[in-house]
Amino acid sequence: MKKEQQLDLYHQMVLIRRVEERGAELYQQGKIGGFMHLYIGQEAVSTGLIAAREPRDRIITAYRDHGVALNCGISANEVMAELLGKETGTSKGKGGSMHMADTSKNMWGGHAIVGGHLPIASGLALGDQYAGNDNVTICMFGDGATNIGYFHEALNLAKTWGLRVLWVCENNQYGMGTAVERASAVTEIRQKAEGYGMKNSQVDGMDVMKVYEAAKEAMDYVRKEGQPYLLEIDTYRFRGHSMGDPERYRKQEEVKKWQENDPIGIFRKQLIEKKATTAKALDDIDAGVDNEVNKAVEFAEASPELTVEDLYTDIYAE
Amino acid sequence: MAKITMREAISQALMEEMDRDPAVFIMGEEVGVWGGTYAVTKGFYDKYGPQRIKDTPIAENAIIGAAIGAAMVGQRPIAELMTINFAFSAMDYIINQAPKLRYMFGGQFSVPMVIRAVGGGGRQLGATHSQTPDAVFAHFPGLKVVSPGTPEDAKGLLKSAIRSNDPILFIEHATMYQVRGEVPDGEYLIPIGQSKIQRAGRDVTIVTYCKGLELSMKAADELAKEDIEAEIVDLRTLRPLDMGPVLESFKKTNRAIVVEEGWKSYGVGSEIVSRIYEEAFDYVDAPIIRVAQKEVPLPYNRALEQAALPQVHDIIEAVKEVLK
Ligand SMILES: Cc1ncc(C[n+]2csc(CCOP(=O)(O)OP(=O)(O)O)c2C)c(N)n1
Ligand SMILES: [Mg+2]
């Protein structure tokens with residue numbers, strides 16, 4: 001990967017982190033409401049993954065979607081405005097944190113029903129298959145989502161019909177407070193693809209370059225073979241499941257241990273060691289991001305409020 | 001009489017019944033180690049252990065389906081749906097299986113289970129997580145649907161539901177867990193299927209339940225300042241529906257409104273109004289008004305969501321309208 005692109009990935013990861021840190025502050029101040037699920041700790045997953053797609057490839061994910069939105073090129077302004085429920089947000093303030101989308105950037109949404117978007121992902125790929133193109137649909141979901149029927153129905157359909165879906169399980173070790181081994185018959189999620197005769201692999205999700213390489217390979221396979229693929233990406237969320245999680249289910253030492261593997265820290269170190277850049281240049285990127293996020297908050301706060309008439313728009317197409 | 005919250009009332013009912021009957025157990029997402037996402041089962045896991053407090057995978061069909069099976073062979077499962085919106089992921093079991101099995105197999109067995117589900121809007125959770133679809137479930141014979149509006153009723157009704165030999169959907173409201181109210185000391189039960197007059201009044205009848213009760217009580221206090229005395233009938237159970245107190249009140253006031261949080265079309269209010277017209281037409285002095293949610297999916301934006309939900313002022317206006 002070219003140096004510029006690597007620096008761009010670093011920028012994206014830091015941007016996700018800062019947008020969410022500011023988001024958490026705004027949530028505490030009561031400016032953001034509802035459920036907000038932070039991606040902090042998992043930034044390398046969507047960043048590496050989405051870097052491997054072509055613009056025509058589609059992305060669909062669950063409610064932990066701020067990172068995916070930013071990686072797809074949705075601006076921090078629009079993400080922040082959606083969090084604040086403004087008309088200028090990605091979903092005109094009607095979706096909130098869990099429902100970021102910009103279909104012009106092939107980001108088909110965060111979805112809040114666990115597993116609910118998986119059959120829809122099969123459908124996106126079906127639409128493309130029907131149209132006769134070889135676009136890939138990248139469908140991201142959590143470890144917990146692999147225990148619901150939707151997952152199994154969607155994978156079976158995709159394999160049976162030869163749909164171009166890259167299934168990406170972000171295994172962050174927990175579904176809310178339930179550790180993988182307490183809810184899933186197999187702890188290695190990729191094994192679930194075996195039952196459907198589907199090619200699969202697993203990769204370390206704290207290393208953005210490893211994610212990128214694995215995703216690239218998997219996407220090539222999906223596109224060329226016209227077959228789905230399941231990629232399991234191991235990661236960890238540093239924060240609670242959503243805002244206001246008492247976190248009684250895990251020990252602080254466990255969280256600390258994973259935090260030593262901070263994906264941004266790891267990438268930073270790699271970039272400097274490979275002499276791809278200097279610490280100073282990365283600091284400049286960090287400072288630029290701070291500025292970008294400040295501007296996004298200003299933009300969101302200054303954006304107009306919705307009016308009651310907006311309740312009735314976008315219900316039906318006709 | 002002790003004053004406790006809705007959360008405590010539900011929690012006490014669960015604990016008392018678990019202590020009384022070893023066949024009672026709880027299964028659902030995050031009911032154990034987490035302590036329940038609304039903290040209703042906090043401490044249960046430590047007290048009863050994983051055998052009786054079962055953290056399940058995220059698999060609503062398996063939760064409800066397995067509860068049905070366990071109930072068929074004599075256990076008394078309480079299956080918890082983290083929110084009622086996830087009931088749609090288990091609709092076949094809730095609608096097509098639990099309420100039908102006994103009837104279809106000629107009464108050979110029963111299905112003694114409770115499905116606890118949290119419903120309601122007002123927390124900015126967006127369109128898929130904020131619904132009040134109670135009327136949908138009340139449509140189906142074979143299922144009983146209970147939705148209390150006070151801690152006293154929540155405790156007494158839930159205990160009855162757990163002891164009942166039929167499948168019961170018990171709907172709680174996400175914004176009401178902190179609501180406080182008096183509950184009787186010692187053990188008590190409240191029968192399923194009885195409406196209750198929660199506030200006496202002479203001028204107008206407000207028929208409501210659950211969140212609507214909280215709003216209607218506030219509205220009635222405001223109206224009283226203008227010397228309008230509203231009588232509030234709380235349905236408490238949507239199926240089987242007890243029209244007795246509704247008709248009794250209406251025959252006295254001759255004017256009514258119905259307040260519910262769900263959508264107006266095909267809603268609880270539609271049923272109540274039809275029943276009043278069918279059973280007490282001669283007593284009608286003014287068209288009955290339904291106060292309900294605007295006909296839109298609920299948005300995330302706070303102001304818009306509140307604008308879509310029924311409010312105290314909507315109730316006051318409706319009362320004044322029927323009194324014109
Ligand atoms: C059908 C359904 N059931 C339950 C929930 C509540 N819920 C939201 S997120 C979640 C945990 C999901 O865990 P996982 O799939 O591992 O994703 P993660 O949050 O770890 O990213 C649960 C149970 C839901 N949104 N939808
Ligand atoms: Mg998870």
# chains A, B, ... in the order shown; residues from 1 in each chain; ligands from 1
$ residues_near_ligand --ligand "ligand 2" --cutoff "7 Å" --atoms "only C-alpha atoms and all ligand atoms" --output "MDAnalysis selection string"
chainID A and resid 142:144 170:176
$ residues_near_ligand --ligand "ligand 1" --cutoff "9 Å" --atoms "only C-alpha atoms and all ligand atoms" --output "ChimeraX atom specification"
/A:37-39,62-64,111-116,141-148,169-180,236-237,241-242 /B:29-30,57-60,81-83,85-90,128-129
$ residues_around --residues "A:Val203" --least-positions-apart "2" --cutoff "12 Å" --atoms "only C-alpha atoms" --output "mmCIF file with N, CA, C and O atoms, in the first residue's frame"
data_model
loop_
_atom_site.group_PDB
_atom_site.id
_atom_site.type_symbol
_atom_site.label_atom_id
_atom_site.label_comp_id
_atom_site.auth_asym_id
_atom_site.auth_seq_id
_atom_site.Cartn_x
_atom_site.Cartn_y
_atom_site.Cartn_z
ATOM 1 N N ALA A 44 -9.570 -0.476 13.701
ATOM 2 C CA ALA A 44 -8.788 -1.101 12.624
ATOM 3 C C ALA A 44 -9.663 -2.004 11.757
ATOM 4 O O ALA A 44 -9.349 -2.250 10.589
ATOM 5 N N VAL A 45 -10.749 -2.493 12.319
ATOM 6 C CA VAL A 45 -11.575 -3.448 11.586
ATOM 7 C C VAL A 45 -12.220 -2.793 10.369
ATOM 8 O O VAL A 45 -11.950 -3.162 9.221
ATOM 9 N N GLY A 48 -9.529 -1.081 7.871
ATOM 10 C CA GLY A 48 -8.814 -1.996 6.979
ATOM 11 C C GLY A 48 -9.747 -2.613 5.949
ATOM 12 O O GLY A 48 -9.420 -2.740 4.763
ATOM 13 N N LEU A 49 -10.914 -2.962 6.415
ATOM 14 C CA LEU A 49 -11.900 -3.633 5.561
ATOM 15 C C LEU A 49 -12.357 -2.732 4.412
ATOM 16 O O LEU A 49 -12.343 -3.117 3.240
ATOM 17 N N VAL A 168 -18.649 -10.412 7.360
ATOM 18 C CA VAL A 168 -17.564 -10.042 8.266
ATOM 19 C C VAL A 168 -18.067 -10.047 9.697
ATOM 20 O O VAL A 168 -18.872 -9.197 10.094
ATOM 21 N N CYS A 169 -17.611 -11.023 10.472
ATOM 22 C CA CYS A 169 -17.996 -11.066 11.879
ATOM 23 C C CYS A 169 -16.947 -10.325 12.691
ATOM 24 O O CYS A 169 -15.782 -10.711 12.724
ATOM 25 N N GLU A 170 -17.379 -9.254 13.340
ATOM 26 C CA GLU A 170 -16.471 -8.545 14.259
ATOM 27 C C GLU A 170 -16.615 -9.221 15.608
ATOM 28 O O GLU A 170 -17.553 -8.936 16.354
ATOM 29 N N ASN A 171 -15.699 -10.108 15.903
ATOM 30 C CA ASN A 171 -15.768 -10.821 17.172
ATOM 31 C C ASN A 171 -15.058 -9.984 18.236
ATOM 32 O O ASN A 171 -13.839 -10.026 18.372
ATOM 33 N N GLU A 188 -15.030 -20.253 17.881
ATOM 34 C CA GLU A 188 -14.409 -19.748 16.662
ATOM 35 C C GLU A 188 -15.548 -19.552 15.663
ATOM 36 O O GLU A 188 -16.063 -20.512 15.077
ATOM 37 N N ILE A 189 -15.940 -18.307 15.496
ATOM 38 C CA ILE A 189 -17.157 -18.035 14.722
ATOM 39 C C ILE A 189 -17.040 -18.525 13.281
ATOM 40 O O ILE A 189 -18.015 -18.995 12.693
ATOM 41 N N ARG A 190 -15.834 -18.444 12.724
ATOM 42 C CA ARG A 190 -15.665 -18.817 11.307
ATOM 43 C C ARG A 190 -16.104 -20.257 11.039
ATOM 44 O O ARG A 190 -16.510 -20.596 9.934
ATOM 45 N N ASN A 200 -13.754 -19.561 4.487
ATOM 46 C CA ASN A 200 -13.692 -18.679 5.654
ATOM 47 C C ASN A 200 -12.278 -18.555 6.157
ATOM 48 O O ASN A 200 -11.413 -19.374 5.848
ATOM 49 N N SER A 201 -12.027 -17.502 6.942
ATOM 50 C CA SER A 201 -10.731 -17.353 7.614
ATOM 51 C C SER A 201 -10.901 -16.396 8.771
ATOM 52 O O SER A 201 -11.995 -15.863 9.005
ATOM 53 N N GLY A 205 -7.836 -8.343 14.413
ATOM 54 C CA GLY A 205 -8.498 -7.076 14.108
ATOM 55 C C GLY A 205 -7.883 -5.869 14.789
ATOM 56 O O GLY A 205 -8.441 -4.767 14.694
ATOM 57 N N MET A 206 -6.753 -6.041 15.456
ATOM 58 C CA MET A 206 -6.130 -4.880 16.078
ATOM 59 C C MET A 206 -5.039 -4.317 15.157
ATOM 60 O O MET A 206 -4.441 -3.293 15.450
ATOM 61 N N ASP A 207 -4.795 -5.016 14.059
ATOM 62 C CA ASP A 207 -3.743 -4.603 13.123
ATOM 63 C C ASP A 207 -4.394 -4.262 11.785
ATOM 64 O O ASP A 207 -4.821 -5.143 11.037
ATOM 65 N N VAL A 208 -4.445 -2.977 11.500
ATOM 66 C CA VAL A 208 -5.211 -2.529 10.333
ATOM 67 C C VAL A 208 -4.673 -3.098 9.019
ATOM 68 O O VAL A 208 -5.448 -3.424 8.117
ATOM 69 N N MET A 209 -3.351 -3.242 8.918
ATOM 70 C CA MET A 209 -2.798 -3.755 7.666
ATOM 71 C C MET A 209 -3.145 -5.226 7.464
ATOM 72 O O MET A 209 -3.406 -5.673 6.345
ATOM 73 N N LYS A 210 -3.150 -5.977 8.561
ATOM 74 C CA LYS A 210 -3.544 -7.390 8.452
ATOM 75 C C LYS A 210 -5.012 -7.499 8.021
ATOM 76 O O LYS A 210 -5.368 -8.357 7.210
ATOM 77 N N VAL A 211 -5.828 -6.640 8.587
ATOM 78 C CA VAL A 211 -7.248 -6.659 8.207
ATOM 79 C C VAL A 211 -7.370 -6.344 6.720
ATOM 80 O O VAL A 211 -8.091 -7.027 5.978
ATOM 81 N N TYR A 212 -6.629 -5.335 6.297
ATOM 82 C CA TYR A 212 -6.685 -4.923 4.891
ATOM 83 C C TYR A 212 -6.304 -6.077 3.957
ATOM 84 O O TYR A 212 -7.008 -6.370 2.986
ATOM 85 N N GLU A 213 -5.185 -6.731 4.268
ATOM 86 C CA GLU A 213 -4.718 -7.837 3.412
ATOM 87 C C GLU A 213 -5.750 -8.964 3.358
ATOM 88 O O GLU A 213 -6.069 -9.476 2.282
ATOM 89 N N ALA A 214 -6.254 -9.331 4.532
ATOM 90 C CA ALA A 214 -7.218 -10.435 4.586
ATOM 91 C C ALA A 214 -8.493 -10.076 3.827
ATOM 92 O O ALA A 214 -9.070 -10.904 3.107
ATOM 93 N N ALA A 215 -8.908 -8.825 3.976
ATOM 94 C CA ALA A 215 -10.143 -8.387 3.327
ATOM 95 C C ALA A 215 -9.976 -8.363 1.810
ATOM 96 O O ALA A 215 -10.869 -8.762 1.057
ATOM 97 N N GLU A 217 -7.974 -10.152 -0.028
ATOM 98 C CA GLU A 217 -7.956 -11.522 -0.533
ATOM 99 C C GLU A 217 -9.382 -12.099 -0.585
ATOM 100 O O GLU A 217 -9.789 -12.703 -1.581
ATOM 101 N N ALA A 218 -10.108 -11.881 0.496
ATOM 102 C CA ALA A 218 -11.471 -12.425 0.567
ATOM 103 C C ALA A 218 -12.359 -11.778 -0.494
ATOM 104 O O ALA A 218 -13.154 -12.445 -1.166
ATOM 105 N N LEU A 230 -16.826 -15.974 4.595
ATOM 106 C CA LEU A 230 -16.956 -15.448 5.966
ATOM 107 C C LEU A 230 -15.579 -15.133 6.529
ATOM 108 O O LEU A 230 -14.717 -16.013 6.630
ATOM 109 N N LEU A 231 -15.392 -13.875 6.877
ATOM 110 C CA LEU A 231 -14.137 -13.436 7.497
ATOM 111 C C LEU A 231 -14.423 -13.074 8.950
ATOM 112 O O LEU A 231 -15.250 -12.203 9.224
ATOM 113 N N GLU A 232 -13.759 -13.752 9.863
ATOM 114 C CA GLU A 232 -13.908 -13.430 11.286
ATOM 115 C C GLU A 232 -12.757 -12.518 11.687
ATOM 116 O O GLU A 232 -11.595 -12.836 11.444
ATOM 117 N N ILE A 233 -13.093 -11.385 12.276
ATOM 118 C CA ILE A 233 -12.051 -10.434 12.678
ATOM 119 C C ILE A 233 -12.083 -10.286 14.198
ATOM 120 O O ILE A 233 -13.079 -9.832 14.765
ATOM 121 N N ASP A 234 -11.008 -10.690 14.835
ATOM 122 C CA ASP A 234 -10.974 -10.650 16.298
ATOM 123 C C ASP A 234 -10.602 -9.271 16.807
ATOM 124 O O ASP A 234 -9.605 -8.685 16.383
ATOM 125 N N THR A 235 -11.400 -8.763 17.716
ATOM 126 C CA THR A 235 -11.192 -7.406 18.197
ATOM 127 C C THR A 235 -11.750 -7.269 19.610
ATOM 128 O O THR A 235 -12.073 -8.271 20.254
#
$ interface_residues --of "chain B" --to "chain A" --cutoff "9 Å" --atoms "only C-alpha atoms" --output "PyMOL selection string"
chain B and resi 29-30+33-35+37+55-62+85-86+89+123-129+294-305+307-308
$ select_by_dssp --residues "stretch 45-272 of chain B" --states "helix (DSSP H, G or I)" --output "ChimeraX atom specification"
/B:45-48,60-72,84-97,101-104,134-138,151-163,211-225,244-253,268-272
$ residues_around --residues "stretch 170-176 of chain B" --least-positions-apart "2" --cutoff "6 Å" --atoms "only C-alpha atoms" --output "ChimeraX atom specification"
/B:115-120,146-147,178-179
$ write_last_selection --atoms "N, CA, C and O atoms" --output "PDB file, in the first residue's frame"
ATOM      1  N   ILE B 115     -44.462 -14.093  29.018  1.00  0.00           N
ATOM      2  CA  ILE B 115     -43.462 -13.364  28.231  1.00  0.00           C
ATOM      3  C   ILE B 115     -43.443 -11.946  28.779  1.00  0.00           C
ATOM      4  O   ILE B 115     -44.451 -11.245  28.696  1.00  0.00           O
ATOM      5  N   ARG B 116     -42.344 -11.555  29.386  1.00  0.00           N
ATOM      6  CA  ARG B 116     -42.221 -10.165  29.839  1.00  0.00           C
ATOM      7  C   ARG B 116     -41.568  -9.372  28.725  1.00  0.00           C
ATOM      8  O   ARG B 116     -40.541  -9.790  28.185  1.00  0.00           O
ATOM      9  N   ALA B 117     -42.133  -8.228  28.403  1.00  0.00           N
ATOM     10  CA  ALA B 117     -41.562  -7.424  27.327  1.00  0.00           C
ATOM     11  C   ALA B 117     -41.684  -5.946  27.669  1.00  0.00           C
ATOM     12  O   ALA B 117     -42.679  -5.512  28.241  1.00  0.00           O
ATOM     13  N   VAL B 118     -40.661  -5.203  27.326  1.00  0.00           N
ATOM     14  CA  VAL B 118     -40.640  -3.772  27.601  1.00  0.00           C
ATOM     15  C   VAL B 118     -41.017  -3.020  26.340  1.00  0.00           C
ATOM     16  O   VAL B 118     -40.376  -3.199  25.309  1.00  0.00           O
ATOM     17  N   GLY B 119     -42.032  -2.200  26.423  1.00  0.00           N
ATOM     18  CA  GLY B 119     -42.460  -1.456  25.252  1.00  0.00           C
ATOM     19  C   GLY B 119     -42.372   0.045  25.471  1.00  0.00           C
ATOM     20  O   GLY B 119     -41.902   0.517  26.507  1.00  0.00           O
ATOM     21  N   GLY B 120     -42.821   0.773  24.470  1.00  0.00           N
ATOM     22  CA  GLY B 120     -42.961   2.212  24.643  1.00  0.00           C
ATOM     23  C   GLY B 120     -41.892   3.050  23.989  1.00  0.00           C
ATOM     24  O   GLY B 120     -40.775   2.610  23.767  1.00  0.00           O
ATOM     25  N   VAL B 146     -51.425  -8.374  29.235  1.00  0.00           N
ATOM     26  CA  VAL B 146     -51.542  -7.576  30.455  1.00  0.00           C
ATOM     27  C   VAL B 146     -50.567  -6.415  30.371  1.00  0.00           C
ATOM     28  O   VAL B 146     -49.440  -6.589  29.907  1.00  0.00           O
ATOM     29  N   SER B 147     -50.995  -5.234  30.777  1.00  0.00           N
ATOM     30  CA  SER B 147     -50.073  -4.095  30.754  1.00  0.00           C
ATOM     31  C   SER B 147     -50.431  -3.107  31.866  1.00  0.00           C
ATOM     32  O   SER B 147     -51.306  -2.254  31.711  1.00  0.00           O
ATOM     33  N   GLN B 178     -39.282   3.959  37.154  1.00  0.00           N
ATOM     34  CA  GLN B 178     -39.058   4.776  38.356  1.00  0.00           C
ATOM     35  C   GLN B 178     -40.359   5.306  38.956  1.00  0.00           C
ATOM     36  O   GLN B 178     -40.329   5.969  39.994  1.00  0.00           O
ATOM     37  N   VAL B 179     -41.471   5.024  38.300  1.00  0.00           N
ATOM     38  CA  VAL B 179     -42.760   5.491  38.832  1.00  0.00           C
ATOM     39  C   VAL B 179     -42.996   4.847  40.200  1.00  0.00           C
ATOM     40  O   VAL B 179     -42.814   3.645  40.372  1.00  0.00           O
TER      41      VAL B 179
END
$ closest_residue --among "B:Glu321, B:Glu16, B:Glu182, B:Asp134" --to "B:Arg236" --atoms "only C-alpha atoms"
B:Asp134
$ select_by_dssp --residues "stretch 69-291 of chain A" --states "strand (DSSP E or B)" --output "ChimeraX atom specification"
/A:102,107-111,137-142,165-171,174-175,178-179,199-204,229-234
$ residues_around --residues "A:Gly123" --least-positions-apart "5" --cutoff "10 Å" --atoms "only C-alpha atoms" --output "PDB file with C-alpha atoms, in the first residue's frame"
ATOM      1  CA  HIS A 117     -29.614  -6.800   8.176  1.00  0.00           C
ATOM      2  CA  LEU A 118     -28.003 -10.100   7.174  1.00  0.00           C
ATOM      3  CA  ASP A 128     -26.509  -7.062  -8.092  1.00  0.00           C
ATOM      4  CA  GLN A 129     -26.508 -10.659  -9.301  1.00  0.00           C
ATOM      5  CA  THR A 137     -21.676  -6.648  -0.617  1.00  0.00           C
ATOM      6  CA  ALA A 154     -28.741 -15.451   5.137  1.00  0.00           C
ATOM      7  CA  LEU A 157     -29.150 -18.451   0.874  1.00  0.00           C
ATOM      8  CA  ALA A 158     -25.947 -16.722  -0.161  1.00  0.00           C
ATOM      9  CA  LEU A 163     -24.371 -14.400  -3.941  1.00  0.00           C
ATOM     10  CA  VAL A 165     -21.390 -11.309   0.003  1.00  0.00           C
TER      11      VAL A 165
END
$ closest_residue --among "B:Val233, B:Met104, B:Ile95, B:Val258" --to "B:Ile168" --atoms "only C-alpha atoms"
B:Ile95
$ residues_around --residues "B:Ala23" --least-positions-apart "6" --cutoff "10 Å" --atoms "only C-alpha atoms" --output "mmCIF file with all heavy atoms, in the first residue's frame"
data_model
loop_
_atom_site.group_PDB
_atom_site.id
_atom_site.type_symbol
_atom_site.label_atom_id
_atom_site.label_comp_id
_atom_site.auth_asym_id
_atom_site.auth_seq_id
_atom_site.Cartn_x
_atom_site.Cartn_y
_atom_site.Cartn_z
ATOM 1 N N GLU B 17 -42.489 -15.306 43.491
ATOM 2 C CA GLU B 17 -42.979 -16.490 42.783
ATOM 3 C C GLU B 17 -41.868 -17.524 42.583
ATOM 4 O O GLU B 17 -42.129 -18.726 42.600
ATOM 5 C CB GLU B 17 -43.621 -16.089 41.451
ATOM 6 C CG GLU B 17 -44.917 -15.302 41.612
ATOM 7 C CD GLU B 17 -45.928 -16.000 42.531
ATOM 8 O OE1 GLU B 17 -46.359 -17.113 42.209
ATOM 9 O OE2 GLU B 17 -46.269 -15.419 43.585
ATOM 10 N N ARG B 52 -31.618 -21.320 37.181
ATOM 11 C CA ARG B 52 -32.947 -20.686 37.193
ATOM 12 C C ARG B 52 -32.953 -19.295 36.576
ATOM 13 O O ARG B 52 -34.019 -18.742 36.311
ATOM 14 C CB ARG B 52 -33.494 -20.635 38.630
ATOM 15 C CG ARG B 52 -33.727 -22.032 39.213
ATOM 16 C CD ARG B 52 -34.413 -21.976 40.554
ATOM 17 N NE ARG B 52 -35.824 -21.619 40.446
ATOM 18 C CZ ARG B 52 -36.573 -21.243 41.492
ATOM 19 N NH1 ARG B 52 -36.018 -21.135 42.697
ATOM 20 N NH2 ARG B 52 -37.842 -20.959 41.325
ATOM 21 N N ALA B 70 -40.831 -25.975 27.332
ATOM 22 C CA ALA B 70 -40.648 -26.256 28.766
ATOM 23 C C ALA B 70 -41.981 -26.142 29.500
ATOM 24 O O ALA B 70 -42.275 -26.926 30.412
ATOM 25 C CB ALA B 70 -39.611 -25.301 29.360
ATOM 26 N N ALA B 71 -42.803 -25.183 29.078
ATOM 27 C CA ALA B 71 -44.117 -25.006 29.714
ATOM 28 C C ALA B 71 -45.020 -26.205 29.417
ATOM 29 O O ALA B 71 -45.774 -26.664 30.275
ATOM 30 C CB ALA B 71 -44.763 -23.714 29.212
ATOM 31 N N GLY B 74 -44.607 -28.887 31.857
ATOM 32 C CA GLY B 74 -44.903 -28.630 33.269
ATOM 33 C C GLY B 74 -44.050 -27.603 33.992
ATOM 34 O O GLY B 74 -44.300 -27.329 35.165
ATOM 35 N N GLN B 75 -43.054 -27.020 33.329
ATOM 36 C CA GLN B 75 -42.306 -25.952 34.013
ATOM 37 C C GLN B 75 -43.074 -24.637 33.822
ATOM 38 O O GLN B 75 -44.046 -24.572 33.081
ATOM 39 C CB GLN B 75 -40.891 -25.839 33.449
ATOM 40 C CG GLN B 75 -40.128 -27.155 33.414
ATOM 41 C CD GLN B 75 -40.056 -27.843 34.771
ATOM 42 O OE1 GLN B 75 -40.169 -27.209 35.823
ATOM 43 N NE2 GLN B 75 -39.913 -29.166 34.749
ATOM 44 N N ARG B 76 -42.597 -23.595 34.520
ATOM 45 C CA ARG B 76 -43.268 -22.299 34.414
ATOM 46 C C ARG B 76 -42.270 -21.217 34.039
ATOM 47 O O ARG B 76 -41.875 -20.388 34.855
ATOM 48 C CB ARG B 76 -43.959 -21.956 35.734
ATOM 49 C CG ARG B 76 -45.124 -22.867 35.998
ATOM 50 C CD ARG B 76 -45.944 -22.444 37.185
ATOM 51 N NE ARG B 76 -47.167 -23.224 37.196
ATOM 52 C CZ ARG B 76 -48.286 -22.867 36.571
ATOM 53 N NH1 ARG B 76 -48.352 -21.720 35.927
ATOM 54 N NH2 ARG B 76 -49.342 -23.645 36.609
ATOM 55 N N PRO B 77 -41.847 -21.250 32.789
ATOM 56 C CA PRO B 77 -40.833 -20.287 32.359
ATOM 57 C C PRO B 77 -41.368 -18.854 32.265
ATOM 58 O O PRO B 77 -42.521 -18.637 31.896
ATOM 59 C CB PRO B 77 -40.423 -20.794 30.979
ATOM 60 C CG PRO B 77 -41.559 -21.610 30.506
ATOM 61 C CD PRO B 77 -42.224 -22.192 31.711
#
$ residues_around --residues "B:Gly181" --least-positions-apart "4" --cutoff "12 Å" --atoms "only C-alpha atoms" --output "number ranges by chain"
B: 1-9, 149-155, 176-177, 214
$ atom_distance --atom1 "atom CA of B:Trp263" --atom2 "atom CA of B:Ala292"
5.7 Å
$ closest_residue --among "B:Pro310, B:Ser164, B:Ala138, B:Lys251" --to "B:Leu238" --atoms "only C-alpha atoms"
B:Ala138
$ atom_distance --atom1 "atom CA of A:Trp167" --atom2 "atom CA of A:Glu43"
17.8 Å
$ atom_distance --atom1 "atom CA of B:Pro148" --atom2 "atom CA of B:Cys210"
5.1 Å
$ closest_residue --among "A:Val68, A:Ile40, A:Val19, A:Met1" --to "A:Gly240" --atoms "only C-alpha atoms"
A:Ile40
